[in-house]
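Enquirer: After the structure tokens below, expect a handful of questions from me.
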Amino acid sequence: MQALIRHLSIILFTLGVFGVSTAWADNVETALMPGQVIAGHAKWEEDCTKCHKRFDKAAQTTLCLDCHKDVRKDVEQKHGSHGRFKEQRECKECHTEHKGRAENIAPITEQTFNHEQSDFPLKGAHADAKKVECKSCHKPKTKYREAPLDCYSCHKKDDKHKEKAGVACANCHTDRSWKDVRFDHDKTRYKLRNKHAEIACKDCHANDRYKDTPMDCYSCHKKDDKHKGKAGVACTDCHTDRSWKDVRFDHDRTRYKLRNKHATIACKDCHANDRYKDTPTDCYACHKKDDKHKGQEGTTCSECHDDRSWKKAPFDHNKSRFPLMGRHAATECKKCHLTPAFKDTPMECFSCHKKDDKHKGAYGEKCETCHGESDWKTITFDHDLHSKYPLRGRHNTTTCDSCHKGHLYKDKTPTDCYACHKKDDKHKGRYSEKCERCHTERNWKVLLFEHDRDTSYPLKGYHRKTKCDSCHKSTLYKDKTPTDCYACHKKDDIHRSTFGEKCEKCHGEQNWKTVAFNHDQDTKYPLVGKHRTTTCESCHTGQLYRDKTPTTCHGCHKNDDVHRRKLGTECQDCHNVRDWKIWDFDHNVRTRFKLDGGHKGLDCYACHSERMDKKVVASSACISCHTKDDKHEGSFGSQCDRCHETTVWKTIKPGTGTFRRR
């Protein structure tokens, strides 16, 4: 059989090479088919390519899966019996074909099928074939693979809860026995502890109600509430699940912890008429009757009194907003607290010490800025630490009144130099008002300005010896001083701006007459040959930088072109910069058109008669020049060189006469 198939393959390959039709090849394949296919494949029996790919056996499994998409899905997703093979197999290993219409090519029975290889391994009672038959789960006229995998699909009739407990049967039941219940309440959101673990399920889940069962105490124990709801519904605040009578309320876990005297009084003293919610926690609500100050010192009793004893008032002034320091600690209370009420007592210095102010308010009312509580005459103000203007140099020995002329805080003292030293400005404002750029606080005459360091224009060469006023003619900072050479040296330009305004291209700061321009390094056009001895003006006829100088040969040597552009404008292809008359163009080497035979020795203009730009573009076809010589008038085409030679036009190449007759 294998020999027959091999011969068939050779025949089919040979037929394909010599152009025999595919339909004929299909008929041959059908004629040599080893046997009929099964009934399910009969409609494709005439089309072998449905299951086979010529000369590619490995493609057969892919073609099978193209039709059996459910099997392909199992293989790709590793589901079902086909998807659980340890190694991927070819379909033909288990399912053979061409054995007749009635052949069963999937010989798997209920006895031989390994259910462990499916998506539903049989365990517990499901594995007992005597109790559970295959047809119990696999219904007629449906595929075995379509059998449901969830419990409820088969056991809906066994659900005594009527779906009130949901359809996830496996949460409570096992596959060993339907009556075997293994529900663990601790895995729910409500764990059973103490008394709750002892009661029957129906006490909480009445009428098989499992979903949305309340978990708060009050829903079940409302009838046991002796407070009638006055203590709220959070039963766990006081009671436990060990015993309803076991009260474990810890007042310290509330917002009001019981301390000292409060820990010894009865609950009803504060919670009258079972009032627990919104019980006030401030002292005055309960002790208003005990207030001997009649409210003059406010209602915040805890500022002076504590819960150990009402009569003791351990007030610590240092814990108030005004700690007593220095001389204040020895002062009597009534000196500051003039009324029985301690509230709203002023805390700023000026309220009490206005009479002691020798500055008459000129330095403001913030006495504490300079004075301390220990001694009024001791000055604690440090200008370097307490202000944004540290005193340096001569400023450190200057009296305060020299700078602070008006009200210290209302009239802000200027911090710029010019505000005080305008009269000392010998430049009359021409160098701006930023004196600190050049002068210091140590000595007005000492200059610290350094042009190289403090500006973006370092002074070099002759610039270092030049006076400031030579460049800075107007206001230094308002009118910016130009930094380009031409702005100052326009009068020194002997080129009259024909070479542009960028003097630094050729000249340096050391000496104006020294020229440092290097055409080879500083431009994209190095000078070689005759160009090196040519004067600048010969090429640069206009303004050097505004009118761009051409860099092509023809741009300068147009008048020297004796060819009148018949050989293009790329002069460098033939000439060089050493001498215009020296040229070395070789037509046979430099072009694709070799000059031989009759072409040899011809004048260039015989072929190149038209003017053109840039490179020479000319047709290499014979007919371009010899149209008038074509006696055939184009009937033999335009490829003259197929018959004629370049030596003599009338000479015909050997063998071409036969070709023409053919």
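Labels used: A, B, ... for chains in the order of the structure tokens, numbers from 1 for residues in each chain, and numbers from 1 for ligands as shown.
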Please list as a PyMOL selection string every residue within 10 Å of range 443-453 of chain A, counting only C-alpha atoms and excluding residues in the same chain fewer than 4 positions away.

Expert: chain A and resi 393-394+421+424+435-439+457-460+464

Enquirer: Please list as a list in words every residue within 12 Å of range 199-206 of chain A, counting only C-alpha atoms and excluding residues in the same chain fewer than 5 positions away.

Expert: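 The residues satisfying every condition are His161, Lys164, Ala165, Phe183, His185, Tyr190, Leu192, Arg193, Asn194, Lys211, Asp212, Thr213, Pro214, Met215, Asp216, Cys217, Ser219, Cys220, His221 and Asp241 of chain A.
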
Enquirer: What does the file look like for those residues with C-alpha atoms, as a PDB file, in the first residue's frame?

Expert:
```
ATOM      1  CA  HIS A 161     -34.578  24.847  50.671  1.00  0.00           C
ATOM      2  CA  LYS A 164     -33.570  30.078  49.562  1.00  0.00           C
ATOM      3  CA  ALA A 165     -30.078  28.899  50.480  1.00  0.00           C
ATOM      4  CA  PHE A 183     -21.022  23.594  56.415  1.00  0.00           C
ATOM      5  CA  HIS A 185     -20.177  28.766  59.745  1.00  0.00           C
ATOM      6  CA  TYR A 190     -20.591  35.728  61.006  1.00  0.00           C
ATOM      7  CA  LEU A 192     -20.642  31.376  65.822  1.00  0.00           C
ATOM      8  CA  ARG A 193     -19.286  31.819  69.337  1.00  0.00           C
ATOM      9  CA  ASN A 194     -20.453  30.850  72.841  1.00  0.00           C
ATOM     10  CA  LYS A 211     -29.542  35.040  52.357  1.00  0.00           C
ATOM     11  CA  ASP A 212     -29.486  38.544  53.914  1.00  0.00           C
ATOM     12  CA  THR A 213     -29.797  37.142  57.454  1.00  0.00           C
ATOM     13  CA  PRO A 214     -29.227  40.104  59.805  1.00  0.00           C
ATOM     14  CA  MET A 215     -25.989  40.007  61.802  1.00  0.00           C
ATOM     15  CA  ASP A 216     -26.651  42.774  64.309  1.00  0.00           C
ATOM     16  CA  CYS A 217     -27.768  41.854  67.844  1.00  0.00           C
ATOM     17  CA  SER A 219     -32.566  42.379  65.090  1.00  0.00           C
ATOM     18  CA  CYS A 220     -32.885  39.183  67.194  1.00  0.00           C
ATOM     19  CA  HIS A 221     -32.736  40.583  70.753  1.00  0.00           C
ATOM     20  CA  ASP A 241     -22.542  36.409  73.496  1.00  0.00           C
TER      21      ASP A 241
END
```

Enquirer: Applying 12 Å and only C-alpha atoms, which residues near Lys319 in chain A remain after dropping the ones on its own chain fewer than 5 positions away? List them as number ranges by chain.

Expert: A: 303-304, 314, 324

Enquirer: Would you compute the distance between CA of Asp119 in chain A and CA of Leu149 in chain A? Give it in Å to one decimal.

Expert: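 Separation of CA of Asp119 in chain A and CA of Leu149 in chain A: 8.0 Å.
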
Enquirer: Near Lys358 in chain A, counting only C-alpha atoms, which residues have an atom at most 12 Å away, once you skip same-chain residues fewer than 5 positions from it, shown as a list of chain:residue names?

Expert: A:Phe350, A:His353, A:Tyr363, A:Gly364, A:Glu365, A:Cys367, A:Trp376, A:Lys377

Enquirer: Given the selection you just returned, output its residues as a file containing C-alpha atoms, formatted as a PDB file, in the first residue's frame.

Expert:
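To be explicit, this is the file written out as selection_33.pdb:
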```
ATOM      1  CA  PHE A 350       2.162  97.518  74.444  1.00  0.00           C
ATOM      2  CA  HIS A 353       3.866  99.036  78.780  1.00  0.00           C
ATOM      3  CA  TYR A 363       9.200 101.625  66.330  1.00  0.00           C
ATOM      4  CA  GLY A 364       5.733 100.102  66.433  1.00  0.00           C
ATOM      5  CA  GLU A 365       3.905  98.333  69.243  1.00  0.00           C
ATOM      6  CA  CYS A 367       7.980  95.589  72.060  1.00  0.00           C
ATOM      7  CA  TRP A 376      13.197  96.156  80.027  1.00  0.00           C
ATOM      8  CA  LYS A 377      16.521  97.842  79.344  1.00  0.00           C
TER       9      LYS A 377
END
```

Enquirer: Which one of A:Lys130, A:Lys631, A:Lys99, A:Arg496 sits closest to Lys650 in chain A if you count only C-alpha atoms?

Expert: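 Checking each of A:Lys130, A:Lys631, A:Lys99, A:Arg496 against Lys650 in chain A, counting only C-alpha atoms, the winner is A:Lys631.
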
Enquirer: For range 331-339 of chain A, please output as an MDAnalysis selection string all residues within 12 Å (counting only C-alpha atoms; exclusion window: fewer than 2 positions along the same chain).

Expert: chainID A and resid 293 296:297 317 322 324:329 341:349 351:353 373

Enquirer: With N, CA and C atoms kept, could you save the residues just selected as an mmCIF file, in the first residue's frame?

Expert:
```
data_model
loop_
_atom_site.group_PDB
_atom_site.id
_atom_site.type_symbol
_atom_site.label_atom_id
_atom_site.label_comp_id
_atom_site.auth_asym_id
_atom_site.auth_seq_id
_atom_site.Cartn_x
_atom_site.Cartn_y
_atom_site.Cartn_z
ATOM 1 N N HIS A 293 -18.003 81.549 90.353
ATOM 2 C CA HIS A 293 -17.641 82.732 89.569
ATOM 3 C C HIS A 293 -18.823 83.267 88.772
ATOM 4 N N GLN A 296 -18.298 84.334 85.111
ATOM 5 C CA GLN A 296 -17.405 85.420 84.720
ATOM 6 C C GLN A 296 -16.055 84.913 84.192
ATOM 7 N N GLU A 297 -15.638 83.746 84.588
ATOM 8 C CA GLU A 297 -14.377 83.182 84.125
ATOM 9 C C GLU A 297 -14.591 82.108 83.070
ATOM 10 N N HIS A 317 -0.263 78.574 84.795
ATOM 11 C CA HIS A 317 -0.298 79.634 83.787
ATOM 12 C C HIS A 317 0.583 79.316 82.576
ATOM 13 N N PHE A 322 -0.280 82.244 77.433
ATOM 14 C CA PHE A 322 0.680 83.256 77.865
ATOM 15 C C PHE A 322 1.484 82.706 79.045
ATOM 16 N N LEU A 324 4.203 82.533 81.885
ATOM 17 C CA LEU A 324 4.813 83.613 82.656
ATOM 18 C C LEU A 324 6.317 83.420 82.689
ATOM 19 N N MET A 325 7.044 84.399 82.148
ATOM 20 C CA MET A 325 8.495 84.344 82.098
ATOM 21 C C MET A 325 9.070 85.596 82.738
ATOM 22 N N GLY A 326 10.325 85.525 83.210
ATOM 23 C CA GLY A 326 11.034 86.677 83.740
ATOM 24 C C GLY A 326 10.270 87.389 84.843
ATOM 25 N N ARG A 327 10.140 88.693 84.716
ATOM 26 C CA ARG A 327 9.491 89.524 85.736
ATOM 27 C C ARG A 327 8.005 89.219 85.844
ATOM 28 N N HIS A 328 7.392 88.666 84.769
ATOM 29 C CA HIS A 328 5.962 88.341 84.813
ATOM 30 C C HIS A 328 5.646 87.266 85.850
ATOM 31 N N ALA A 329 6.607 86.368 86.129
ATOM 32 C CA ALA A 329 6.354 85.261 87.058
ATOM 33 C C ALA A 329 6.177 85.755 88.492
ATOM 34 N N ALA A 341 -13.277 88.461 85.651
ATOM 35 C CA ALA A 341 -13.186 87.541 84.508
ATOM 36 C C ALA A 341 -11.742 87.495 84.018
ATOM 37 N N PHE A 342 -11.241 86.314 83.821
ATOM 38 C CA PHE A 342 -9.887 86.131 83.309
ATOM 39 C C PHE A 342 -9.875 86.081 81.782
ATOM 40 N N LYS A 343 -11.044 85.997 81.199
ATOM 41 C CA LYS A 343 -11.160 85.889 79.755
ATOM 42 C C LYS A 343 -10.877 87.234 79.102
ATOM 43 N N ASP A 344 -10.314 87.198 77.897
ATOM 44 C CA ASP A 344 -10.038 88.387 77.085
ATOM 45 C C ASP A 344 -9.012 89.318 77.718
ATOM 46 N N THR A 345 -8.129 88.797 78.534
ATOM 47 C CA THR A 345 -7.039 89.625 79.066
ATOM 48 C C THR A 345 -6.028 89.843 77.947
ATOM 49 N N PRO A 346 -5.625 91.097 77.653
ATOM 50 C CA PRO A 346 -4.683 91.332 76.547
ATOM 51 C C PRO A 346 -3.333 90.670 76.830
ATOM 52 N N MET A 347 -2.695 90.207 75.756
ATOM 53 C CA MET A 347 -1.414 89.509 75.910
ATOM 54 C C MET A 347 -0.255 90.237 75.238
ATOM 55 N N GLU A 348 -0.530 91.327 74.488
ATOM 56 C CA GLU A 348 0.562 92.037 73.845
ATOM 57 C C GLU A 348 1.202 93.017 74.837
ATOM 58 N N CYS A 349 2.510 93.258 74.678
ATOM 59 C CA CYS A 349 3.289 94.082 75.607
ATOM 60 C C CYS A 349 2.770 95.522 75.690
ATOM 61 N N SER A 351 0.026 96.914 75.465
ATOM 62 C CA SER A 351 -1.196 97.187 76.244
ATOM 63 C C SER A 351 -0.846 97.586 77.669
ATOM 64 N N CYS A 352 0.180 96.978 78.232
ATOM 65 C CA CYS A 352 0.573 97.289 79.611
ATOM 66 C C CYS A 352 1.731 98.291 79.691
ATOM 67 N N HIS A 353 2.623 98.278 78.681
ATOM 68 C CA HIS A 353 3.866 99.036 78.780
ATOM 69 C C HIS A 353 3.917 100.248 77.862
ATOM 70 N N GLU A 373 11.484 89.736 78.765
ATOM 71 C CA GLU A 373 10.726 89.830 80.016
ATOM 72 C C GLU A 373 11.627 89.946 81.243
#
```

Enquirer: Taking the chain letters and numbering used in this document, name the residues of range 211-410 of chain A that DSSP puts in helix (DSSP H, G or I), as a CSV table (one decimal) with N, CA and C atoms, in the first residue's frame.

Expert:
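Output (out28.csv):
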```csv
chain,number,residue,atom,x,y,z
A,217,CYS,N,-27.1,42.4,66.7
A,217,CYS,CA,-27.8,41.9,67.8
A,217,CYS,C,-29.2,42.3,67.9
A,218,TYR,N,-29.5,43.6,67.7
A,218,TYR,CA,-30.8,44.1,68.0
A,218,TYR,C,-31.9,43.5,67.1
A,219,SER,N,-31.6,43.0,66.0
A,219,SER,CA,-32.6,42.4,65.1
A,219,SER,C,-33.2,41.2,65.7
A,220,CYS,N,-32.4,40.4,66.5
A,220,CYS,CA,-32.9,39.2,67.2
A,220,CYS,C,-33.3,39.5,68.7
A,221,HIS,N,-32.6,40.4,69.3
A,221,HIS,CA,-32.7,40.6,70.8
A,221,HIS,C,-33.5,41.8,71.1
A,222,LYS,N,-34.3,42.4,70.2
A,222,LYS,CA,-35.1,43.6,70.5
A,222,LYS,C,-36.0,43.3,71.7
A,223,LYS,N,-36.6,42.1,71.7
A,223,LYS,CA,-37.5,41.8,72.8
A,223,LYS,C,-36.8,41.7,74.2
A,224,ASP,N,-35.5,41.5,74.2
A,224,ASP,CA,-34.8,41.4,75.4
A,224,ASP,C,-34.3,42.8,75.9
A,235,CYS,N,-25.9,46.6,71.0
A,235,CYS,CA,-25.9,45.8,72.3
A,235,CYS,C,-24.5,45.4,72.7
A,236,THR,N,-23.6,45.1,71.7
A,236,THR,CA,-22.3,44.6,72.0
A,236,THR,C,-21.4,45.6,72.8
A,237,ASP,N,-21.9,46.9,72.9
A,237,ASP,CA,-21.1,47.8,73.7
A,237,ASP,C,-21.1,47.4,75.2
A,251,HIS,N,-16.3,52.1,80.4
A,251,HIS,CA,-16.5,53.5,80.1
A,251,HIS,C,-15.3,54.1,79.5
A,252,ASP,N,-14.1,53.5,79.7
A,252,ASP,CA,-12.9,54.1,79.2
A,252,ASP,C,-12.8,54.0,77.6
A,253,ARG,N,-13.7,53.1,77.1
A,253,ARG,CA,-13.7,52.9,75.6
A,253,ARG,C,-14.6,53.9,74.9
A,260,ASN,N,-11.0,59.4,88.9
A,260,ASN,CA,-11.1,60.0,90.2
A,260,ASN,C,-12.6,60.0,90.7
A,261,LYS,N,-13.1,61.2,91.0
A,261,LYS,CA,-14.5,61.2,91.6
A,261,LYS,C,-15.5,60.7,90.7
A,262,HIS,N,-15.3,60.9,89.4
A,262,HIS,CA,-16.3,60.4,88.4
A,262,HIS,C,-16.4,58.9,88.4
A,263,ALA,N,-15.4,58.1,88.8
A,263,ALA,CA,-15.4,56.7,88.8
A,263,ALA,C,-16.2,56.1,89.9
A,264,THR,N,-16.5,56.9,90.9
A,264,THR,CA,-17.2,56.4,92.1
A,264,THR,C,-18.6,56.7,92.2
A,267,CYS,N,-24.2,55.4,87.8
A,267,CYS,CA,-24.4,55.7,86.4
A,267,CYS,C,-25.6,56.7,86.2
A,268,LYS,N,-26.6,56.5,87.1
A,268,LYS,CA,-27.9,57.3,86.9
A,268,LYS,C,-27.6,58.8,87.3
A,269,ASP,N,-26.5,59.1,88.0
A,269,ASP,CA,-26.2,60.5,88.3
A,269,ASP,C,-26.0,61.3,87.1
A,270,CYS,N,-25.4,60.6,86.1
A,270,CYS,CA,-25.1,61.3,84.8
A,270,CYS,C,-26.2,60.9,83.7
A,272,ALA,N,-29.5,60.1,83.6
A,272,ALA,CA,-30.9,60.1,84.2
A,272,ALA,C,-31.9,59.6,83.2
A,273,ASN,N,-32.9,58.9,83.7
A,273,ASN,CA,-34.0,58.3,82.8
A,273,ASN,C,-33.4,57.5,81.7
A,274,ASP,N,-32.4,56.7,82.0
A,274,ASP,CA,-31.8,55.9,80.9
A,274,ASP,C,-31.3,56.7,79.7
A,283,CYS,N,-17.8,69.9,81.7
A,283,CYS,CA,-18.0,70.1,83.1
A,283,CYS,C,-19.2,71.0,83.5
A,284,TYR,N,-19.3,72.1,82.8
A,284,TYR,CA,-20.3,73.1,83.1
A,284,TYR,C,-21.7,72.6,83.1
A,285,ALA,N,-21.9,71.6,82.1
A,285,ALA,CA,-23.3,71.1,82.0
A,285,ALA,C,-23.8,70.4,83.3
A,286,CYS,N,-22.9,69.8,84.1
A,286,CYS,CA,-23.2,69.2,85.3
A,286,CYS,C,-22.9,70.1,86.6
A,287,HIS,N,-21.9,70.9,86.4
A,287,HIS,CA,-21.4,71.7,87.6
A,287,HIS,C,-21.7,73.1,87.6
A,288,LYS,N,-22.7,73.5,86.8
A,288,LYS,CA,-23.1,74.9,86.7
A,288,LYS,C,-23.5,75.4,88.1
A,289,LYS,N,-24.1,74.6,88.9
A,289,LYS,CA,-24.6,75.0,90.2
A,289,LYS,C,-23.4,75.2,91.2
A,290,ASP,N,-22.3,74.6,90.8
A,290,ASP,CA,-21.1,74.7,91.7
A,290,ASP,C,-20.2,75.9,91.3
A,301,CYS,N,-14.3,74.8,82.9
A,301,CYS,CA,-13.9,74.6,84.3
A,301,CYS,C,-12.5,73.9,84.4
A,302,SER,N,-12.2,73.0,83.5
A,302,SER,CA,-11.0,72.2,83.5
A,302,SER,C,-9.7,73.0,83.4
A,303,GLU,N,-9.8,74.2,83.0
A,303,GLU,CA,-8.6,75.1,83.0
A,303,GLU,C,-8.0,75.3,84.3
A,317,HIS,N,-0.3,78.6,84.8
A,317,HIS,CA,-0.3,79.6,83.8
A,317,HIS,C,0.6,79.3,82.6
A,318,ASN,N,1.6,78.5,82.8
A,318,ASN,CA,2.5,78.1,81.7
A,318,ASN,C,1.9,77.3,80.6
A,319,LYS,N,0.7,76.7,81.0
A,319,LYS,CA,0.0,75.8,80.0
A,319,LYS,C,-1.1,76.7,79.3
A,326,GLY,N,10.3,85.5,83.2
A,326,GLY,CA,11.0,86.7,83.7
A,326,GLY,C,10.3,87.4,84.8
A,327,ARG,N,10.1,88.7,84.7
A,327,ARG,CA,9.5,89.5,85.7
A,327,ARG,C,8.0,89.2,85.8
A,328,HIS,N,7.4,88.7,84.8
A,328,HIS,CA,6.0,88.3,84.8
A,328,HIS,C,5.6,87.3,85.9
A,329,ALA,N,6.6,86.4,86.1
A,329,ALA,CA,6.4,85.3,87.1
A,329,ALA,C,6.2,85.8,88.5
A,330,ALA,N,6.8,86.9,88.8
A,330,ALA,CA,6.7,87.4,90.2
A,330,ALA,C,5.6,88.5,90.3
A,333,CYS,N,-1.5,88.5,90.1
A,333,CYS,CA,-2.5,88.2,89.0
A,333,CYS,C,-3.4,89.5,88.8
A,334,LYS,N,-3.7,90.2,89.8
A,334,LYS,CA,-4.6,91.4,89.7
A,334,LYS,C,-3.9,92.5,88.9
A,335,LYS,N,-2.6,92.5,88.7
A,335,LYS,CA,-1.9,93.5,88.0
A,335,LYS,C,-2.3,93.4,86.5
A,336,CYS,N,-2.6,92.2,86.0
A,336,CYS,CA,-2.9,92.0,84.6
A,336,CYS,C,-4.4,91.7,84.5
A,349,CYS,N,2.5,93.3,74.7
A,349,CYS,CA,3.3,94.1,75.6
A,349,CYS,C,2.8,95.5,75.7
A,350,PHE,N,2.5,96.1,74.5
A,350,PHE,CA,2.2,97.5,74.4
A,350,PHE,C,0.9,97.9,75.3
A,351,SER,N,0.0,96.9,75.5
A,351,SER,CA,-1.2,97.2,76.2
A,351,SER,C,-0.8,97.6,77.7
A,352,CYS,N,0.2,97.0,78.2
A,352,CYS,CA,0.6,97.3,79.6
A,352,CYS,C,1.7,98.3,79.7
A,353,HIS,N,2.6,98.3,78.7
A,353,HIS,CA,3.9,99.0,78.8
A,353,HIS,C,3.9,100.2,77.9
A,354,LYS,N,2.8,100.8,77.5
A,354,LYS,CA,2.8,101.9,76.6
A,354,LYS,C,3.5,103.1,77.2
A,355,LYS,N,3.3,103.2,78.5
A,355,LYS,CA,3.9,104.4,79.2
A,355,LYS,C,5.4,104.3,79.3
A,356,ASP,N,6.0,103.1,79.1
A,356,ASP,CA,7.4,102.8,79.1
A,356,ASP,C,8.1,103.0,77.8
A,367,CYS,N,6.8,95.4,71.2
A,367,CYS,CA,8.0,95.6,72.1
A,367,CYS,C,8.9,94.4,72.1
A,368,GLU,N,8.2,93.2,72.1
A,368,GLU,CA,9.0,91.9,72.2
A,368,GLU,C,10.0,91.7,71.1
A,369,THR,N,9.9,92.5,70.0
A,369,THR,CA,10.9,92.3,69.0
A,369,THR,C,12.3,92.7,69.5
A,383,HIS,N,20.0,92.3,64.4
A,383,HIS,CA,19.7,92.7,63.0
A,383,HIS,C,20.0,91.6,62.0
A,384,ASP,N,21.1,90.8,62.3
A,384,ASP,CA,21.4,89.8,61.3
A,384,ASP,C,20.5,88.6,61.4
A,385,LEU,N,20.0,88.3,62.6
A,385,LEU,CA,19.1,87.1,62.7
A,385,LEU,C,17.7,87.4,62.5
A,386,HIS,N,17.3,88.6,63.0
A,386,HIS,CA,15.8,88.9,63.1
A,386,HIS,C,15.3,89.7,61.9
A,393,GLY,N,30.1,95.6,57.3
A,393,GLY,CA,31.0,96.7,57.2
A,393,GLY,C,30.6,97.9,58.0
A,394,ARG,N,30.5,99.1,57.3
A,394,ARG,CA,30.2,100.3,58.0
A,394,ARG,C,28.8,100.3,58.5
A,395,HIS,N,27.9,99.5,57.9
A,395,HIS,CA,26.5,99.5,58.4
A,395,HIS,C,26.4,99.0,59.8
A,396,ASN,N,27.4,98.2,60.2
A,396,ASN,CA,27.3,97.6,61.6
A,396,ASN,C,27.6,98.6,62.7
A,397,THR,N,28.2,99.8,62.3
A,397,THR,CA,28.5,100.8,63.3
A,397,THR,C,27.6,102.0,63.2
A,400,CYS,N,20.8,103.3,64.5
A,400,CYS,CA,19.5,102.9,63.9
A,400,CYS,C,18.8,104.1,63.3
A,401,ASP,N,18.8,105.3,63.9
A,401,ASP,CA,18.1,106.4,63.4
A,401,ASP,C,18.6,106.9,62.0
A,402,SER,N,19.9,106.5,61.7
A,402,SER,CA,20.4,106.9,60.4
A,402,SER,C,19.7,106.3,59.2
A,403,CYS,N,19.1,105.1,59.4
A,403,CYS,CA,18.4,104.4,58.3
A,403,CYS,C,16.9,104.5,58.6
```

Enquirer: Write out as an NGL selection string the residues lying within 8 Å of range 509-526 of chain A, counting only C-alpha atoms and excluding same-chain residues fewer than 5 positions away.

Expert: :A and (460-463 or 551)

Enquirer: Calculate how many Å separate CA of Pro482 in chain A from CA of Tyr418 in chain A, rounding to one decimal.

Expert: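 Distance between the two atoms: 25.7 Å.
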
Enquirer: Check the DSSP output for the backbone and give back, as a ChimeraX atom specification, the residues of range 499-645 of chain A in strand (DSSP E or B).

Expert: /A:507,515,575,583,644

Enquirer: If you measure from CA of His495 in chain A to CA of Thr466 in chain A, what distance in Å do you get, rounded to one decimal?

Expert: 24.5 Å
